file query20.txt (compact mmCIF, C-alpha atoms)
# COMPACT_ATOMS: atom_id res chain seq x y z
CA MET A 9 81.63 99.52 137.81
CA LYS A 10 81.81 101.38 134.53
CA LYS A 11 82.02 99.68 131.17
CA THR A 12 85.38 99.29 129.44
CA ARG A 13 84.27 101.65 126.69
CA ASP A 14 83.50 104.34 129.25
CA LYS A 15 86.97 103.93 130.75
CA PHE A 16 88.61 104.33 127.35
CA ASP A 17 86.47 107.37 126.63
CA GLU A 18 87.42 108.96 129.94
CA ILE A 19 91.14 108.28 129.49
CA ASP A 20 91.17 109.52 125.90
CA SER A 21 89.16 112.64 126.75
CA ALA A 22 91.43 113.41 129.71
CA LEU A 23 94.56 113.06 127.58
CA LYS A 24 93.09 115.23 124.83
CA GLU A 25 92.20 117.91 127.37
CA LEU A 26 95.74 117.68 128.75
CA GLN A 27 97.19 118.22 125.27
CA GLU A 28 94.91 121.21 124.71
CA SER A 29 95.99 122.67 128.04
CA ILE A 30 99.64 122.15 127.12
CA SER A 31 99.14 123.88 123.76
CA ARG A 32 97.74 126.95 125.56
CA LEU A 33 100.79 127.38 127.78
CA GLU A 34 102.48 130.72 127.09
CA GLY A 35 106.20 131.34 127.22
CA VAL A 36 106.97 127.63 127.59
CA ASP A 37 108.31 125.16 125.05
CA ALA A 38 105.81 122.39 125.67
CA SER A 39 106.62 120.30 122.59
CA GLU A 40 108.45 117.64 124.60
CA LEU A 41 105.62 117.36 127.11
CA SER A 42 103.08 117.08 124.32
CA ARG A 43 105.18 114.38 122.66
CA LYS A 44 105.22 112.37 125.89
CA VAL A 45 101.43 112.58 126.12
CA ASP A 46 101.21 111.26 122.55
CA ILE A 47 103.54 108.39 123.40
CA PHE A 48 101.47 107.60 126.51
CA ARG A 49 98.26 107.47 124.46
CA GLU A 50 99.89 105.18 121.90
CA GLU A 51 101.14 102.85 124.62
CA ILE A 52 97.66 102.61 126.16
CA TYR A 53 96.09 101.54 122.88
CA ALA A 54 98.97 99.53 121.43
CA GLY A 55 98.11 96.34 123.28
CA ILE A 56 94.37 96.65 123.83
CA SER A 57 92.38 93.47 124.32
CA ARG A 58 90.01 91.99 121.78
CA TRP A 59 87.09 93.04 123.96
CA SER A 60 88.36 96.61 123.98
CA SER A 61 88.62 96.50 120.18
CA LEU A 62 84.98 95.46 120.02
CA GLU A 63 84.03 98.32 122.32
CA LEU A 64 85.80 100.69 119.92
CA ALA A 65 83.97 99.06 117.00
CA ARG A 66 80.72 99.93 118.80
CA HIS A 67 81.75 103.48 119.72
CA SER A 68 78.91 105.92 119.14
CA ASP A 69 81.22 108.43 117.41
CA ARG A 70 82.76 105.89 115.05
CA PRO A 71 82.22 106.75 111.36
CA VAL A 72 79.23 104.88 109.94
CA PHE A 73 78.12 103.88 106.44
CA ASP A 74 76.70 107.31 105.60
CA ASP A 75 80.12 108.84 106.34
CA TYR A 76 81.93 106.42 104.01
CA LEU A 77 79.26 106.92 101.37
CA SER A 78 79.67 110.71 101.29
CA GLY A 79 83.45 110.60 101.79
CA ILE A 80 84.33 108.09 99.07
CA PHE A 81 81.57 108.14 96.44
CA THR A 82 79.81 110.81 94.40
CA GLY A 83 76.48 111.02 92.61
CA PHE A 84 74.77 108.56 94.92
CA THR A 85 71.20 107.69 93.97
CA GLU A 86 69.44 105.64 96.63
CA LEU A 87 67.11 102.86 95.56
CA HIS A 88 64.36 101.96 98.00
CA GLY A 89 62.28 98.88 98.73
CA ASP A 90 62.51 95.15 98.24
CA ARG A 91 59.63 94.91 95.70
CA LEU A 92 57.97 92.44 98.05
CA SER A 93 57.04 94.08 101.34
CA GLU A 94 58.72 97.27 102.59
CA ASP A 95 61.80 99.46 102.67
CA ASP A 96 64.11 98.33 105.48
CA PRO A 97 65.97 101.34 106.99
CA ALA A 98 68.80 99.10 108.24
CA VAL A 99 70.05 98.51 104.68
CA LYS A 100 70.85 101.39 102.37
CA GLY A 101 72.07 101.13 98.80
CA GLY A 102 72.01 102.47 95.30
CA LEU A 103 74.00 103.68 92.32
CA ALA A 104 77.09 105.83 92.73
CA PHE A 105 80.42 106.78 91.21
CA LEU A 106 83.89 106.01 92.52
CA GLY A 107 85.81 108.66 90.65
CA ASP A 108 84.73 108.00 87.05
CA LEU A 109 83.77 104.39 87.75
CA PRO A 110 80.04 103.62 88.08
CA VAL A 111 79.40 101.25 90.99
CA VAL A 112 76.63 99.86 93.19
CA VAL A 113 77.02 100.44 96.93
CA ILE A 114 75.17 98.64 99.74
CA GLY A 115 75.69 99.01 103.48
CA HIS A 116 74.26 98.43 106.92
CA ARG A 117 73.00 101.67 108.41
CA LYS A 118 73.26 101.77 112.21
CA HIS A 119 72.38 105.44 112.34
CA SER A 120 72.52 108.50 110.13
CA SER A 121 75.67 110.57 109.84
CA ALA A 122 76.01 113.05 112.74
CA GLN A 123 72.79 111.70 114.28
CA LYS A 124 72.09 108.95 116.77
CA ASP A 125 68.82 107.68 115.35
CA TYR A 126 69.60 104.05 116.16
CA PRO A 127 65.97 102.92 116.72
CA ARG A 128 64.84 104.32 113.36
CA CYS A 129 67.54 102.27 111.63
CA HIS A 130 66.90 99.17 113.77
CA TYR A 131 70.49 99.50 115.05
CA GLY A 132 71.76 98.30 111.69
CA MET A 133 69.98 94.94 112.00
CA ALA A 134 68.37 93.94 108.72
CA SER A 135 65.02 92.19 108.27
CA PRO A 136 64.23 89.91 105.30
CA SER A 137 63.14 93.06 103.45
CA GLY A 138 66.61 94.50 103.88
CA HIS A 139 68.21 91.34 102.55
CA HIS A 140 65.78 91.20 99.60
CA LYS A 141 66.65 94.82 98.85
CA ALA A 142 70.35 93.93 98.93
CA VAL A 143 69.81 91.02 96.53
CA ARG A 144 67.92 93.30 94.15
CA LEU A 145 70.84 95.73 94.16
CA MET A 146 73.36 92.94 93.67
CA ARG A 147 71.44 91.78 90.61
CA LEU A 148 71.38 95.33 89.26
CA ALA A 149 75.15 95.53 89.65
CA GLU A 150 75.50 92.34 87.62
CA LYS A 151 72.94 93.43 84.99
CA PHE A 152 74.63 96.77 84.30
CA GLY A 153 78.20 95.54 84.71
CA ARG A 154 78.91 97.71 87.73
CA PRO A 155 81.31 96.57 90.48
CA LEU A 156 79.67 96.08 93.88
CA VAL A 157 80.98 97.54 97.14
CA THR A 158 79.42 96.46 100.44
CA PHE A 159 79.89 97.93 103.92
CA VAL A 160 79.23 95.77 106.98
CA ASP A 161 78.32 97.25 110.37
CA THR A 162 75.69 95.24 112.22
CA PRO A 163 75.30 93.31 115.48
CA GLY A 164 73.33 90.70 113.48
CA ALA A 165 70.03 90.20 111.71
CA TYR A 166 66.90 91.79 113.21
CA PRO A 167 65.88 89.37 116.03
CA VAL A 168 62.10 89.63 116.30
CA PRO A 169 59.48 86.90 115.71
CA GLU A 170 58.05 88.66 112.66
CA THR A 171 61.34 88.43 110.76
CA GLU A 172 61.60 84.73 111.51
CA TYR A 173 58.06 84.18 110.23
CA ARG A 174 59.03 85.99 107.02
CA GLY A 175 62.07 83.79 106.38
CA GLN A 176 65.04 85.56 107.92
CA ALA A 177 67.45 82.64 107.45
CA PHE A 178 66.33 82.10 103.85
CA SER A 179 66.82 85.79 103.01
CA ILE A 180 70.36 85.72 104.43
CA ALA A 181 71.12 82.57 102.44
CA ARG A 182 69.90 84.33 99.27
CA CYS A 183 72.30 87.20 99.91
CA ILE A 184 75.25 84.87 100.42
CA SER A 185 74.49 82.75 97.35
CA THR A 186 73.95 85.86 95.22
CA LEU A 187 77.25 87.39 96.33
CA ALA A 188 78.99 84.15 95.44
CA ALA A 189 77.41 83.94 91.99
CA ILE A 190 77.08 87.44 90.52
CA ARG A 191 79.40 88.06 87.59
CA THR A 192 80.86 91.38 88.63
CA PRO A 193 83.72 92.34 90.98
CA VAL A 194 82.77 92.56 94.66
CA VAL A 195 84.68 94.33 97.43
CA ALA A 196 83.39 93.95 101.02
CA VAL A 197 84.42 96.39 103.74
CA ILE A 198 84.01 95.58 107.45
CA ILE A 199 83.84 98.97 109.18
CA GLY A 200 82.48 98.14 112.64
CA GLU A 201 80.74 95.29 114.38
CA ALA A 202 80.01 92.37 112.08
CA GLY A 203 77.90 89.79 113.83
CA SER A 204 76.46 86.43 112.80
CA GLY A 205 74.45 85.80 109.64
CA GLY A 206 73.46 89.44 109.39
CA ALA A 207 77.10 90.25 108.63
CA LEU A 208 77.56 87.30 106.27
CA ALA A 209 74.72 88.66 104.12
CA LEU A 210 77.01 91.46 102.93
CA GLY A 211 80.39 90.35 104.25
CA PHE A 212 81.88 88.35 101.38
CA GLY A 213 83.66 89.51 98.25
CA ASP A 214 86.53 89.00 95.85
CA ARG A 215 88.46 91.23 98.23
CA ILE A 216 87.68 91.86 101.90
CA VAL A 217 88.86 95.04 103.60
CA MET A 218 88.57 95.40 107.37
CA LEU A 219 89.29 98.11 109.91
CA GLU A 220 91.77 97.25 112.63
CA ASN A 221 89.32 97.37 115.54
CA ALA A 222 86.30 96.03 113.66
CA PHE A 223 85.03 92.69 114.97
CA TYR A 224 83.71 89.93 112.69
CA SER A 225 82.38 86.80 114.40
CA ALA A 226 79.64 84.18 114.22
CA ILE A 227 78.24 85.35 117.56
CA SER A 228 78.84 88.29 119.89
CA PRO A 229 81.10 87.71 122.92
CA GLU A 230 78.09 88.38 125.16
CA GLY A 231 76.06 85.74 123.33
CA TYR A 232 78.92 83.23 123.46
CA SER A 233 79.40 83.83 127.17
CA SER A 234 75.66 83.49 127.85
CA ILE A 235 75.50 80.13 126.05
CA ILE A 236 78.65 78.66 127.62
CA TYR A 237 78.56 80.23 131.10
CA GLY A 238 74.92 81.20 131.57
CA ASP A 239 75.48 84.98 131.56
CA ASP A 240 77.69 87.61 129.90
CA SER A 241 80.18 87.94 132.77
CA ASN A 242 82.87 86.16 130.72
CA LYS A 243 82.52 88.28 127.60
CA GLU A 244 86.17 89.35 127.64
CA GLU A 245 87.33 85.72 127.61
CA ALA A 246 84.74 84.98 124.94
CA ALA A 247 86.16 87.75 122.73
CA ASP A 248 89.61 86.16 123.04
CA THR A 249 88.16 82.79 122.05
CA LEU A 250 86.33 84.20 119.03
CA LYS A 251 89.44 86.04 117.73
CA GLY A 252 87.34 88.34 115.54
CA THR A 253 89.31 91.59 115.35
CA GLY A 254 90.63 92.93 112.10
CA ARG A 255 94.14 92.08 113.26
CA ASP A 256 93.15 88.46 113.93
CA LEU A 257 91.43 87.93 110.60
CA TYR A 258 94.17 89.65 108.62
CA GLN A 259 96.81 87.46 110.24
CA GLY A 260 94.62 84.43 109.53
CA GLY A 261 94.44 85.26 105.83
CA ILE A 262 90.67 85.80 105.80
CA VAL A 263 90.95 89.56 105.26
CA ASP A 264 92.93 90.95 102.33
CA PHE A 265 93.71 94.41 103.69
CA LEU A 266 93.78 95.86 107.19
CA VAL A 267 92.98 99.57 107.54
CA ARG A 268 94.95 100.88 110.50
CA GLU A 269 93.07 103.06 112.95
CA PRO A 270 94.45 106.11 114.75
CA THR A 271 95.26 105.99 118.44
CA GLY A 272 91.99 105.59 120.31
CA GLY A 273 89.91 104.35 117.38
CA ALA A 274 88.62 105.41 113.96
CA HIS A 275 86.53 108.26 115.39
CA ASN A 276 89.73 110.14 116.30
CA ASP A 277 90.55 110.65 112.61
CA ALA A 278 87.45 109.69 110.68
CA ALA A 279 88.47 111.62 107.55
CA GLY A 280 91.83 109.87 107.41
CA VAL A 281 90.34 106.42 107.90
CA ILE A 282 87.67 107.02 105.27
CA ALA A 283 90.25 108.34 102.79
CA GLU A 284 92.47 105.29 103.27
CA THR A 285 89.50 102.96 102.91
CA GLY A 286 88.50 104.68 99.67
CA ARG A 287 92.05 104.37 98.34
CA VAL A 288 92.10 100.63 99.00
CA ILE A 289 88.68 100.11 97.39
CA ARG A 290 89.81 101.95 94.25
CA THR A 291 93.03 99.92 94.06
CA TYR A 292 91.23 96.59 94.43
CA LEU A 293 88.52 97.44 91.91
CA GLU A 294 91.13 98.48 89.34
CA ASP A 295 92.86 95.13 89.83
CA LEU A 296 89.64 93.11 89.71
CA MET A 297 88.30 94.84 86.62
CA ALA A 298 91.47 93.94 84.76
CA VAL A 299 90.55 90.25 85.18
CA ASP A 300 88.10 88.61 82.75
CA LEU A 301 84.86 87.47 84.38
CA ASP A 302 85.43 83.74 83.88
CA SER A 303 88.78 83.93 85.66
CA LEU A 304 87.24 86.10 88.36
CA MET A 305 84.55 83.51 89.04
CA THR A 306 87.12 80.70 89.13
CA ARG A 307 89.18 82.60 91.69
CA ARG A 308 86.07 83.37 93.75
CA ALA A 309 85.09 79.70 93.82
CA ALA A 310 88.59 78.79 94.99
CA SER A 311 88.46 81.36 97.78
CA ILE A 312 85.07 80.01 98.93
CA GLU A 313 86.45 76.47 99.05
CA LYS A 314 89.28 77.64 101.33
CA LEU A 315 86.71 78.93 103.81
CA LEU A 316 84.80 75.65 103.97
CA PRO A 317 85.34 73.42 107.02
CA GLY A 318 87.91 70.67 106.48
CA ARG A 319 89.53 72.40 103.51
call {"tool": "encode", "arguments": {"input": "query20.txt", "output": "structure tokens"}}
result
Amino acid sequence: MKKTRDKFDEIDSALKELQESISRLEGVDASELSRKVDIFREEIYAGISRWSSLELARHSDRPVFDDYLSGIFTGFTELHGDRLSEDDPAVKGGLAFLGDLPVVVIGHRKHSSAQKDYPRCHYGMASPSGHHKAVRLMRLAEKFGRPLVTFVDTPGAYPVPETEYRGQAFSIARCISTLAAIRTPVVAVIIGEAGSGGALALGFGDRIVMLENAFYSAISPEGYSSIIYGDDSNKEEAADTLKGTGRDLYQGGIVDFLVREPTGGAHNDAAGVIAETGRVIRTYLEDLMAVDLDSLMTRRAASIEKLLPGR
């Protein structure tokens, strides 16, 4: 039995081929037929399950951090290394400009733009070195008074014994505490899969933007199903329990802005999705920079308290 993602790919590809065939018809007004195909595609994706949203968040053609970096920012200068051990390829960051505004940008790198070099980038899963690098960049943003923009796209932190020996949990905690404390505006953008502590390391800000089919949860549906049921056969039900789609978190008030995706997922109009994401980031940073830092920190503390259990 094929995976859900494969089924969606097959359906979407078949419908696109049908539309192309319709457009090549000569001597026939095919506009009505093409419109019906569009409506059919929209109906298929209008009520997709949470599991299907996660499959779209993992789609290999979905725009990744490198695409947002080149599509939204200019003058990017990458800064390498954590000044302790190594340069983690799963975390990329540096100095850039958003229009005329100097910023610091950090993101999880699942693979390079237009390439599928997942292993080289550790599938976007950061080690302690990646988190230490992120903290260094966060501190630079604060030091030079530059707003910080983070992009989250990771299944979780890098799960190998070596990273645990080197203090994986501590490095994630440092990222979270630094994000909470730095005196500069922070905008976090959830663009794909955002799993566990690896996502939390970059996934908090004064404003949180999330794509419609992105999935942000404490554990993957497969992991949840394996713990509760002993295997991943109940991953669809687990996804419903976790309620981690952009739509869920926006309705729950955790996410400030929901970027709508085109029919079939962000990869079907990557340029449009990236442009809309950039517009929202600019709007939020303009608003945040108009607030004095003391008031900004007070508001941030209040938003953190709302997220705490029992609040």
call {"tool": "residues_around", "arguments": {"input": "query20.txt", "residues": "Lys314 (chain A)", "least_positions_apart": "5", "cutoff": "12 Å", "atoms": "only C-alpha atoms", "output": "ChimeraX atom specification"}}
result
/A:260-262,307-309,319
call {"tool": "residues_near_point", "arguments": {"input": "query20.txt", "point": "(80.0, 92.7, 90.8)", "cutoff": "10 Å", "atoms": "only C-alpha atoms", "output": "list of chain:residue names"}}
result
A:Val111, A:Val112, A:Met146, A:Arg147, A:Leu148, A:Ala149, A:Glu150, A:Lys151, A:Phe152, A:Gly153, A:Arg154, A:Pro155, A:Leu156, A:Val157, A:Leu187, A:Ala188, A:Ala189, A:Ile190, A:Arg191, A:Thr192, A:Pro193, A:Val194, A:Val195, A:Gly213, A:Asp214, A:Leu293, A:Leu296, A:Met297, A:Leu301
call {"tool": "closest_residue", "arguments": {"input": "query20.txt", "among": "A:Lys141, A:Lys124, A:Lys44, A:Arg255", "to": "Ser93 (chain A)", "atoms": "only C-alpha atoms"}}
result
A:Lys141
call {"tool": "atom_distance", "arguments": {"input": "query20.txt", "atom1": "CA of Glu220 (chain A)", "atom2": "CA of Glu269 (chain A)"}}
result
6.0 Å
call {"tool": "closest_residue", "arguments": {"input": "query20.txt", "among": "A:Ser135, A:Ser29, A:Thr285, A:Ser60", "to": "Ile216 (chain A)", "atoms": "all atoms listed in the file"}}
result
A:Thr285
call {"tool": "axis_aligned_box", "arguments": {"input": "query20.txt", "around": "region 296-306 of chain A", "padding_each_side": "4 Å", "output": "AutoDock Vina command-line options"}}
result
--center_x 88.0 --center_y 87.8 --center_z 86.2 --size_x 14.9 --size_y 22.1 --size_z 15.0
call {"tool": "closest_residue", "arguments": {"input": "query20.txt", "among": "A:Ile198, A:Val217, A:Ala209, A:Ala142", "to": "Pro71 (chain A)", "atoms": "all atoms listed in the file"}}
result
A:Ile198
call {"tool": "residues_near_point", "arguments": {"input": "query20.txt", "point": "(84.8, 105.3, 88.0)", "cutoff": "12 Å", "atoms": "all atoms listed in the file", "output": "PyMOL selection string"}}
result
chain A and resi 80-83+103-112+154-155+289-291+293-294+297
call {"tool": "atom_distance", "arguments": {"input": "query20.txt", "atom1": "CA of Leu26 (chain A)", "atom2": "CA of Gly272 (chain A)"}}
result
15.2 Å
call {"tool": "atom_distance", "arguments": {"input": "query20.txt", "atom1": "CA of Val197 (chain A)", "atom2": "CA of Ala298 (chain A)"}}
result
20.4 Å
call {"tool": "closest_atom_pairs", "arguments": {"input": "query20.txt", "of": "region 164-253 of chain A", "to": "region 278-281 of chain A", "cutoff": "12 Å", "atoms": "all atoms listed in the file", "output": "CSV"}}
result
residue,atom,partner,partner_atom,distance
A:Ile199,CA,A:Val281,CA,10.0
A:Met218,CA,A:Val281,CA,11.2
A:Leu219,CA,A:Val281,CA,8.6
A:Glu220,CA,A:Val281,CA,10.4
A:Asn221,CA,A:Val281,CA,11.9
call {"tool": "closest_residue", "arguments": {"input": "query20.txt", "among": "A:Ile30, A:Ile180, A:Leu257, A:Leu145", "to": "Arg58 (chain A)", "atoms": "only C-alpha atoms"}}
result
A:Leu257
call {"tool": "closest_residue", "arguments": {"input": "query20.txt", "among": "A:Glu170, A:Glu63, A:Ile282, A:Phe159", "to": "Ser78 (chain A)", "atoms": "all atoms listed in the file"}}
result
A:Ile282
call {"tool": "closest_residue", "arguments": {"input": "query20.txt", "among": "A:Glu313, A:Pro136, A:Asp69, A:Ser57", "to": "Ala247 (chain A)", "atoms": "all atoms listed in the file"}}
result
A:Ser57
call {"tool": "decode", "arguments": {"input": "query20.txt", "residues": "region 75-110 of chain A", "atoms": "N, CA and C atoms", "output": "mmCIF file, in the first residue's frame"}}
result
data_model
loop_
_atom_site.group_PDB
_atom_site.id
_atom_site.type_symbol
_atom_site.label_atom_id
_atom_site.label_comp_id
_atom_site.auth_asym_id
_atom_site.auth_seq_id
_atom_site.Cartn_x
_atom_site.Cartn_y
_atom_site.Cartn_z
ATOM 1 N N ASP A 75 15.466 28.772 0.173
ATOM 2 C CA ASP A 75 14.554 29.455 -0.742
ATOM 3 C C ASP A 75 13.994 30.731 -0.114
ATOM 4 N N TYR A 76 13.622 30.661 1.160
ATOM 5 C CA TYR A 76 13.128 31.850 1.859
ATOM 6 C C TYR A 76 14.247 32.877 2.022
ATOM 7 N N LEU A 77 15.435 32.389 2.290
ATOM 8 C CA LEU A 77 16.579 33.277 2.481
ATOM 9 C C LEU A 77 16.854 34.104 1.227
ATOM 10 N N SER A 78 16.878 33.447 0.074
ATOM 11 C CA SER A 78 17.167 34.161 -1.179
ATOM 12 C C SER A 78 15.960 34.940 -1.690
ATOM 13 N N GLY A 79 14.743 34.509 -1.313
ATOM 14 C CA GLY A 79 13.547 35.171 -1.821
ATOM 15 C C GLY A 79 13.091 36.365 -1.016
ATOM 16 N N ILE A 80 13.534 36.472 0.238
ATOM 17 C CA ILE A 80 13.069 37.543 1.122
ATOM 18 C C ILE A 80 14.178 38.524 1.472
ATOM 19 N N PHE A 81 15.404 38.026 1.670
ATOM 20 C CA PHE A 81 16.496 38.846 2.186
ATOM 21 C C PHE A 81 17.544 39.108 1.110
ATOM 22 N N THR A 82 18.335 40.136 1.327
ATOM 23 C CA THR A 82 19.451 40.456 0.435
ATOM 24 C C THR A 82 20.718 40.610 1.268
ATOM 25 N N GLY A 83 21.861 40.566 0.575
ATOM 26 C CA GLY A 83 23.141 40.809 1.225
ATOM 27 C C GLY A 83 23.460 39.844 2.342
ATOM 28 N N PHE A 84 23.066 38.587 2.193
ATOM 29 C CA PHE A 84 23.283 37.621 3.275
ATOM 30 C C PHE A 84 24.757 37.265 3.396
ATOM 31 N N THR A 85 25.262 37.349 4.607
ATOM 32 C CA THR A 85 26.632 36.935 4.922
ATOM 33 C C THR A 85 26.557 35.833 5.963
ATOM 34 N N GLU A 86 26.899 34.609 5.568
ATOM 35 C CA GLU A 86 26.797 33.488 6.492
ATOM 36 C C GLU A 86 27.946 33.504 7.492
ATOM 37 N N LEU A 87 27.604 33.198 8.733
ATOM 38 C CA LEU A 87 28.598 33.072 9.801
ATOM 39 C C LEU A 87 28.662 31.611 10.220
ATOM 40 N N HIS A 88 29.846 31.062 10.243
ATOM 41 C CA HIS A 88 30.023 29.633 10.487
ATOM 42 C C HIS A 88 30.541 29.360 11.897
ATOM 43 N N GLY A 89 30.266 28.140 12.372
ATOM 44 C CA GLY A 89 30.895 27.632 13.580
ATOM 45 C C GLY A 89 30.246 28.061 14.881
ATOM 46 N N ASP A 90 30.502 27.242 15.914
ATOM 47 C CA ASP A 90 29.939 27.522 17.230
ATOM 48 C C ASP A 90 30.983 28.046 18.207
ATOM 49 N N ARG A 91 32.236 28.188 17.752
ATOM 50 C CA ARG A 91 33.365 28.649 18.564
ATOM 51 C C ARG A 91 33.691 27.680 19.702
ATOM 52 N N LEU A 92 33.162 26.468 19.593
ATOM 53 C CA LEU A 92 33.450 25.450 20.599
ATOM 54 C C LEU A 92 33.934 24.149 19.974
ATOM 55 N N SER A 93 33.246 23.717 18.896
ATOM 56 C CA SER A 93 33.552 22.396 18.356
ATOM 57 C C SER A 93 33.605 22.372 16.834
ATOM 58 N N GLU A 94 32.451 22.662 16.178
ATOM 59 C CA GLU A 94 32.382 22.471 14.729
ATOM 60 C C GLU A 94 31.302 23.363 14.130
ATOM 61 N N ASP A 95 31.149 23.242 12.827
ATOM 62 C CA ASP A 95 30.101 23.978 12.119
ATOM 63 C C ASP A 95 29.007 22.992 11.717
ATOM 64 N N ASP A 96 27.870 23.073 12.363
ATOM 65 C CA ASP A 96 26.765 22.148 12.109
ATOM 66 C C ASP A 96 26.031 22.558 10.832
ATOM 67 N N PRO A 97 25.961 21.681 9.815
ATOM 68 C CA PRO A 97 25.299 22.034 8.557
ATOM 69 C C PRO A 97 23.782 22.105 8.668
ATOM 70 N N ALA A 98 23.206 21.617 9.766
ATOM 71 C CA ALA A 98 21.752 21.628 9.924
ATOM 72 C C ALA A 98 21.217 22.990 10.347
ATOM 73 N N VAL A 99 22.101 23.882 10.783
ATOM 74 C CA VAL A 99 21.703 25.234 11.172
ATOM 75 C C VAL A 99 22.526 26.227 10.361
ATOM 76 N N LYS A 100 21.827 27.130 9.703
ATOM 77 C CA LYS A 100 22.488 28.132 8.875
ATOM 78 C C LYS A 100 22.037 29.511 9.347
ATOM 79 N N GLY A 101 22.957 30.456 9.381
ATOM 80 C CA GLY A 101 22.560 31.791 9.821
ATOM 81 C C GLY A 101 23.613 32.822 9.528
ATOM 82 N N GLY A 102 23.217 34.076 9.681
ATOM 83 C CA GLY A 102 24.154 35.157 9.438
ATOM 84 C C GLY A 102 23.466 36.493 9.372
ATOM 85 N N LEU A 103 24.170 37.467 8.823
ATOM 86 C CA LEU A 103 23.682 38.837 8.705
ATOM 87 C C LEU A 103 23.031 39.026 7.344
ATOM 88 N N ALA A 104 21.963 39.818 7.312
ATOM 89 C CA ALA A 104 21.268 40.046 6.048
ATOM 90 C C ALA A 104 20.499 41.363 6.130
ATOM 91 N N PHE A 105 19.850 41.703 5.024
ATOM 92 C CA PHE A 105 19.007 42.890 4.982
ATOM 93 C C PHE A 105 17.605 42.493 4.542
ATOM 94 N N LEU A 106 16.625 43.077 5.211
ATOM 95 C CA LEU A 106 15.229 42.939 4.823
ATOM 96 C C LEU A 106 14.807 44.305 4.307
ATOM 97 N N GLY A 107 14.899 44.489 2.996
ATOM 98 C CA GLY A 107 14.790 45.833 2.447
ATOM 99 C C GLY A 107 16.004 46.623 2.905
ATOM 100 N N ASP A 108 15.759 47.744 3.623
ATOM 101 C CA ASP A 108 16.852 48.547 4.163
ATOM 102 C C ASP A 108 17.166 48.203 5.610
ATOM 103 N N LEU A 109 16.442 47.254 6.169
ATOM 104 C CA LEU A 109 16.587 46.928 7.582
ATOM 105 C C LEU A 109 17.612 45.822 7.783
ATOM 106 N N PRO A 110 18.693 46.090 8.546
ATOM 107 C CA PRO A 110 19.660 45.030 8.840
ATOM 108 C C PRO A 110 19.087 44.060 9.867
#
